[in-house]
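Single-structure report; data block below.
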Amino acid sequence: MTTIGYSKSHSYMLDLLMQQKAQLENKSVQLASGLKSQTYGGISADSRMALELRREISSIEVYEDSNTLASIQLEVMGESLEHMEQMRSESVSAIDDNNYTLTTSGQTTSQQATEIMMLETISVLNSEVNGYYLFGGLGATEPPVASMDVIMDGQNGQLGLKELMERYENAHMGTSENGRIESNVTAPSGVPTLTLQQDNVEGFGFTINSISATSPDVTTSVVPEDLTDPANPEGVQGVFEFTDTPVVGDVIEVELGLPDGTTKVIQLTATDDTEAGSGTFLIGTGTDPTLESAQNAKAAFDAAISDIAQTDLRAVADIQAGEEFFGNHGRPDPAPLVPLADGSGYETATDLLVEWYTGYDDDSDPRSDKIVQIDDDVSVEYGARANESEFSELLQNMAVFIAADFTAAVPDDPESEALAISYYSTLAERSEDALSASGNTNSGVQSVAVEMSVVNATLSRTVDRQDQLTLSYQNTLTGLENVDKTEVGTEIAVLSTNLEASYQATAMLLGLSITNFLR
């Protein structure tokens, strides 16, 4: 019979106890940490996959902060664009060309309402998130749009919009407020001749496009400009030769061109009614009725031209000033044109106008001013500049209407007040049209909003995909690295029971107690 020696049994029992003790300690650590092993060596079969999953999760986490900030910036930008669009829409409703109601401040109620909307628009264009001004372009850390007061009145010797509008009004209307159309009646060879002539100064004022007459007693011609003498250039002339006295119902007409390409037609009908009023000229009844008819036609043309100059031409001058001030003139040379104070030409000096926009500006695409990498192979662009036409034209059309002076030149004078009302209606109609979105097309602000919504949707989809991937990776890692605590608890109970039994058996053999062993 084979016998096991005492020393060999002793060694075997001790090894078994140490193994069971080690197993119990390992399971206890697993239960406390929730992990299968404290090192990847303990899960050698799955360690490579676990490391790869950890790397993937880390690469996604790299974009977490930038994506969160981009999401906030795009959300604020979307809300800003929505608010700007609301201001545009409400300004269209506020500018009523039939509501000429002056307040004690000298502004109309429509101007006051529009001013509030422009103030809000400026505030929106100066929106900032985490130190970055959303509409200031590349690296914008300062508000890009000047205050309302600076825009209107200028600062530090530089002109604001109001003074620029006044200069353009003076330049286009001329000192006689007749749109630089001079008139005279002469009688060469005894034929009374009415001549309308352009003042040929830097393209200011009206142009004479055409003239006509229905009367066989009035012949017409247009004489081209004569620039042979640079010191005394002769502008285009419209000539009416009265070969005989017109009769009732005869019509003479001139078509005037305005600087924006629009036209106004003045028709005068011959009449013998002294109370006929505007749109007519009185047929002569004196010793020289033909000459008298020509003189009456001149007076009627002068009055009609002056009325148009102080209303339509003045409104066009204001809008041109706004275009120069806000920079949407589309010329190869972007420098704004500033008329001399006396309207005799343009200033040659530069930097005369206050800068309403001080953000980043170059010829690049504004969207490229803000590029954010949101995934390994995906980036989004959502830069914006307040001087983009979609925003600057909104400011321009509001500002020009707000800055206009609609008070009568002569208070309590019916004719002066009638001109002020007509000027108001003309500029209000043009401003309303410019601010309105035509047909079913988007406004400029809406177009930018659509661009940004596409970018935001791209970012949202990417973030959702990253969140799903991270969750999937983490779930897989849980299976690879984590333990089932219920199962481990059961194993610990079994191990504890086995270990206790082993201790008792060993103690019997060796005279040991568990307390002594653990010591």
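Note on naming: chains are A, B, ... as they come in the structure tokens, residues start from 1 per chain, ligands start from 1 in the order shown.
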
- Item | Secondary structure check, helix (DSSP H, G or I) residues of range 332-411 of chain A, as a list in words | Pro366, Arg367, Ser368, Asp369, Ser389, Glu390, Phe391, Ser392, Glu393, Leu394, Leu395, Gln396, Asn397, Met398, Ala399, Val400, Phe401, Ile402 and Ala403 of chain A

Keeping only C-alpha atoms, write the selected residues as a PDB file, in the first residue's frame.
ATOM      1  CA  PRO A 366     -17.312  84.686 -45.342  1.00  0.00           C
ATOM      2  CA  ARG A 367     -18.369  81.137 -44.464  1.00  0.00           C
ATOM      3  CA  SER A 368     -14.702  80.101 -44.424  1.00  0.00           C
ATOM      4  CA  ASP A 369     -14.074  82.509 -41.542  1.00  0.00           C
ATOM      5  CA  SER A 389     -25.137  92.238 -48.712  1.00  0.00           C
ATOM      6  CA  GLU A 390     -27.877  90.191 -47.040  1.00  0.00           C
ATOM      7  CA  PHE A 391     -27.287  92.094 -43.784  1.00  0.00           C
ATOM      8  CA  SER A 392     -25.876  95.423 -44.933  1.00  0.00           C
ATOM      9  CA  GLU A 393     -28.776  96.027 -47.329  1.00  0.00           C
ATOM     10  CA  LEU A 394     -31.189  95.382 -44.489  1.00  0.00           C
ATOM     11  CA  LEU A 395     -29.410  97.998 -42.372  1.00  0.00           C
ATOM     12  CA  GLN A 396     -29.118 100.341 -45.347  1.00  0.00           C
ATOM     13  CA  ASN A 397     -32.801 100.322 -46.215  1.00  0.00           C
ATOM     14  CA  MET A 398     -33.832 100.836 -42.599  1.00  0.00           C
ATOM     15  CA  ALA A 399     -31.200 103.514 -41.945  1.00  0.00           C
ATOM     16  CA  VAL A 400     -31.943 105.644 -45.019  1.00  0.00           C
ATOM     17  CA  PHE A 401     -35.633 105.818 -44.143  1.00  0.00           C
ATOM     18  CA  ILE A 402     -34.849 106.639 -40.492  1.00  0.00           C
ATOM     19  CA  ALA A 403     -32.290 109.336 -41.376  1.00  0.00           C
TER      20      ALA A 403
END

Could you list, with a cut-off of 7 Å and counting only C-alpha atoms, the residues of range 211-247 of chain A near range 181-202 of chain A, each shown with its nearest atom pair and the distance in Å rounded to one decimal, rows sorted by chain and ascending number, as CSV?
residue,atom,partner,partner_atom,distance
A:Pro233,CA,A:Asn200,CA,6.7
A:Glu234,CA,A:Asn200,CA,6.6
A:Gly235,CA,A:Gln198,CA,4.8
A:Val236,CA,A:Gln198,CA,5.5
A:Gln237,CA,A:Gln197,CA,4.3
A:Gly238,CA,A:Leu196,CA,5.0
A:Val239,CA,A:Thr195,CA,4.6
A:Phe240,CA,A:Leu194,CA,5.1
A:Glu241,CA,A:Thr193,CA,4.5
A:Phe242,CA,A:Pro192,CA,5.5
A:Thr243,CA,A:Val191,CA,6.0

What would the file look like if the residues just selected were written as an mmCIF file, in the first residue's frame with C-alpha atoms?
data_model
loop_
_atom_site.group_PDB
_atom_site.id
_atom_site.type_symbol
_atom_site.label_atom_id
_atom_site.label_comp_id
_atom_site.auth_asym_id
_atom_site.auth_seq_id
_atom_site.Cartn_x
_atom_site.Cartn_y
_atom_site.Cartn_z
ATOM 1 C CA PRO A 233 -19.016 121.688 -71.227
ATOM 2 C CA GLU A 234 -22.513 121.870 -72.659
ATOM 3 C CA GLY A 235 -25.012 119.326 -71.396
ATOM 4 C CA VAL A 236 -27.763 117.653 -73.401
ATOM 5 C CA GLN A 237 -30.496 120.033 -74.534
ATOM 6 C CA GLY A 238 -34.170 119.457 -75.247
ATOM 7 C CA VAL A 239 -35.438 122.090 -77.665
ATOM 8 C CA PHE A 240 -39.084 123.058 -78.372
ATOM 9 C CA GLU A 241 -39.539 125.484 -81.279
ATOM 10 C CA PHE A 242 -42.945 127.187 -81.272
ATOM 11 C CA THR A 243 -43.538 127.949 -84.936
#

Q: Please provide as a ChimeraX atom specification all residues within 8 Å of range 426-440 of chain A, with the sequence filter that same-chain residues fewer than 3 positions apart are discarded (counting only C-alpha atoms).
A: /A:88-89,91-92,95-97,311-312,315-316,394,397-398,401,422-423,443

task = Skip Met165 in chain A itself and residues of its chain fewer than 4 positions away, then list as a PyMOL selection string all residues within 12 Å of it, counting only C-alpha atoms.
result = chain A and resi 152-153+159-161+169-173+314-325+337-341+343+353+396+399-405

So that I have them on file, write out the residues from the current selection with C-alpha atoms, as a PDB file, in the first residue's frame.
ATOM      1  CA  MET A 152     -26.232 108.360 -38.238  1.00  0.00           C
ATOM      2  CA  ASP A 153     -24.027 111.212 -37.040  1.00  0.00           C
ATOM      3  CA  LEU A 159     -19.225 111.776 -41.786  1.00  0.00           C
ATOM      4  CA  GLY A 160     -22.256 109.779 -40.771  1.00  0.00           C
ATOM      5  CA  LEU A 161     -25.144 108.734 -42.997  1.00  0.00           C
ATOM      6  CA  GLU A 169     -29.399 115.640 -52.061  1.00  0.00           C
ATOM      7  CA  ASN A 170     -27.588 118.939 -52.649  1.00  0.00           C
ATOM      8  CA  ALA A 171     -25.490 117.473 -55.456  1.00  0.00           C
ATOM      9  CA  HIS A 172     -28.437 115.969 -57.354  1.00  0.00           C
ATOM     10  CA  MET A 173     -31.016 118.677 -56.730  1.00  0.00           C
ATOM     11  CA  ARG A 314     -34.306 113.504 -53.489  1.00  0.00           C
ATOM     12  CA  ALA A 315     -35.394 109.979 -52.543  1.00  0.00           C
ATOM     13  CA  VAL A 316     -33.043 108.489 -55.148  1.00  0.00           C
ATOM     14  CA  ALA A 317     -30.220 110.675 -53.811  1.00  0.00           C
ATOM     15  CA  ASP A 318     -30.867 109.360 -50.298  1.00  0.00           C
ATOM     16  CA  ILE A 319     -30.775 105.759 -51.478  1.00  0.00           C
ATOM     17  CA  GLN A 320     -27.554 106.365 -53.427  1.00  0.00           C
ATOM     18  CA  ALA A 321     -26.004 107.835 -50.280  1.00  0.00           C
ATOM     19  CA  GLY A 322     -27.071 104.723 -48.379  1.00  0.00           C
ATOM     20  CA  GLU A 323     -25.483 102.481 -50.999  1.00  0.00           C
ATOM     21  CA  GLU A 324     -22.208 104.382 -50.796  1.00  0.00           C
ATOM     22  CA  PHE A 325     -22.234 104.438 -47.001  1.00  0.00           C
ATOM     23  CA  LEU A 337     -17.950 108.361 -53.562  1.00  0.00           C
ATOM     24  CA  VAL A 338     -18.531 111.421 -51.390  1.00  0.00           C
ATOM     25  CA  PRO A 339     -19.867 114.624 -53.035  1.00  0.00           C
ATOM     26  CA  LEU A 340     -18.281 117.931 -52.166  1.00  0.00           C
ATOM     27  CA  ALA A 341     -20.308 120.000 -49.732  1.00  0.00           C
ATOM     28  CA  GLY A 343     -22.238 119.571 -54.876  1.00  0.00           C
ATOM     29  CA  LEU A 353     -16.959 108.294 -43.821  1.00  0.00           C
ATOM     30  CA  GLN A 396     -29.118 100.341 -45.347  1.00  0.00           C
ATOM     31  CA  ALA A 399     -31.200 103.514 -41.945  1.00  0.00           C
ATOM     32  CA  VAL A 400     -31.943 105.644 -45.019  1.00  0.00           C
ATOM     33  CA  PHE A 401     -35.633 105.818 -44.143  1.00  0.00           C
ATOM     34  CA  ILE A 402     -34.849 106.639 -40.492  1.00  0.00           C
ATOM     35  CA  ALA A 403     -32.290 109.336 -41.376  1.00  0.00           C
ATOM     36  CA  ALA A 404     -34.511 111.206 -43.859  1.00  0.00           C
ATOM     37  CA  ASP A 405     -35.897 114.613 -42.900  1.00  0.00           C
TER      38      ASP A 405
END

Going by DSSP on the backbone, which bits of range 115-190 of chain A are strand (DSSP E)? Write them as a ChimeraX atom specification, please. /A:128-129,132-133,181-186

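Checking A:Met84, A:Ser293, A:Asp362, A:Leu419 one by one against Gly444 in chain A, counting only C-alpha atoms, you find the shortest gap at A:Met84.
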
How close does range 243-282 of chain A get to range 212-226 of chain A? List, as CSV, each residue of range 243-282 of chain A within 9 Å, its nearest atom pair and the distance in Å to one decimal, counting only C-alpha atoms.
residue,atom,partner,partner_atom,distance
A:Thr243,CA,A:Asp217,CA,5.2
A:Asp244,CA,A:Asp217,CA,4.9
A:Thr245,CA,A:Asp217,CA,6.5
A:Pro246,CA,A:Asp217,CA,6.0
A:Val247,CA,A:Ser215,CA,7.9
A:Gly249,CA,A:Ser215,CA,8.7
A:Asp250,CA,A:Ser215,CA,5.2
A:Val251,CA,A:Thr214,CA,5.3
A:Ile252,CA,A:Ala213,CA,4.2
A:Glu253,CA,A:Ser212,CA,5.2
A:Val254,CA,A:Ser212,CA,6.6
A:Glu255,CA,A:Ser212,CA,8.8

(request) Pick out the residues sitting within 12 Å of range 136-141 of chain A, and hand them over as a PyMOL selection string; count only C-alpha atoms, and ignore anything fewer than 2 positions along from it in its own chain. (result) chain A and resi 124-134+143-146+357-371+381-388+391
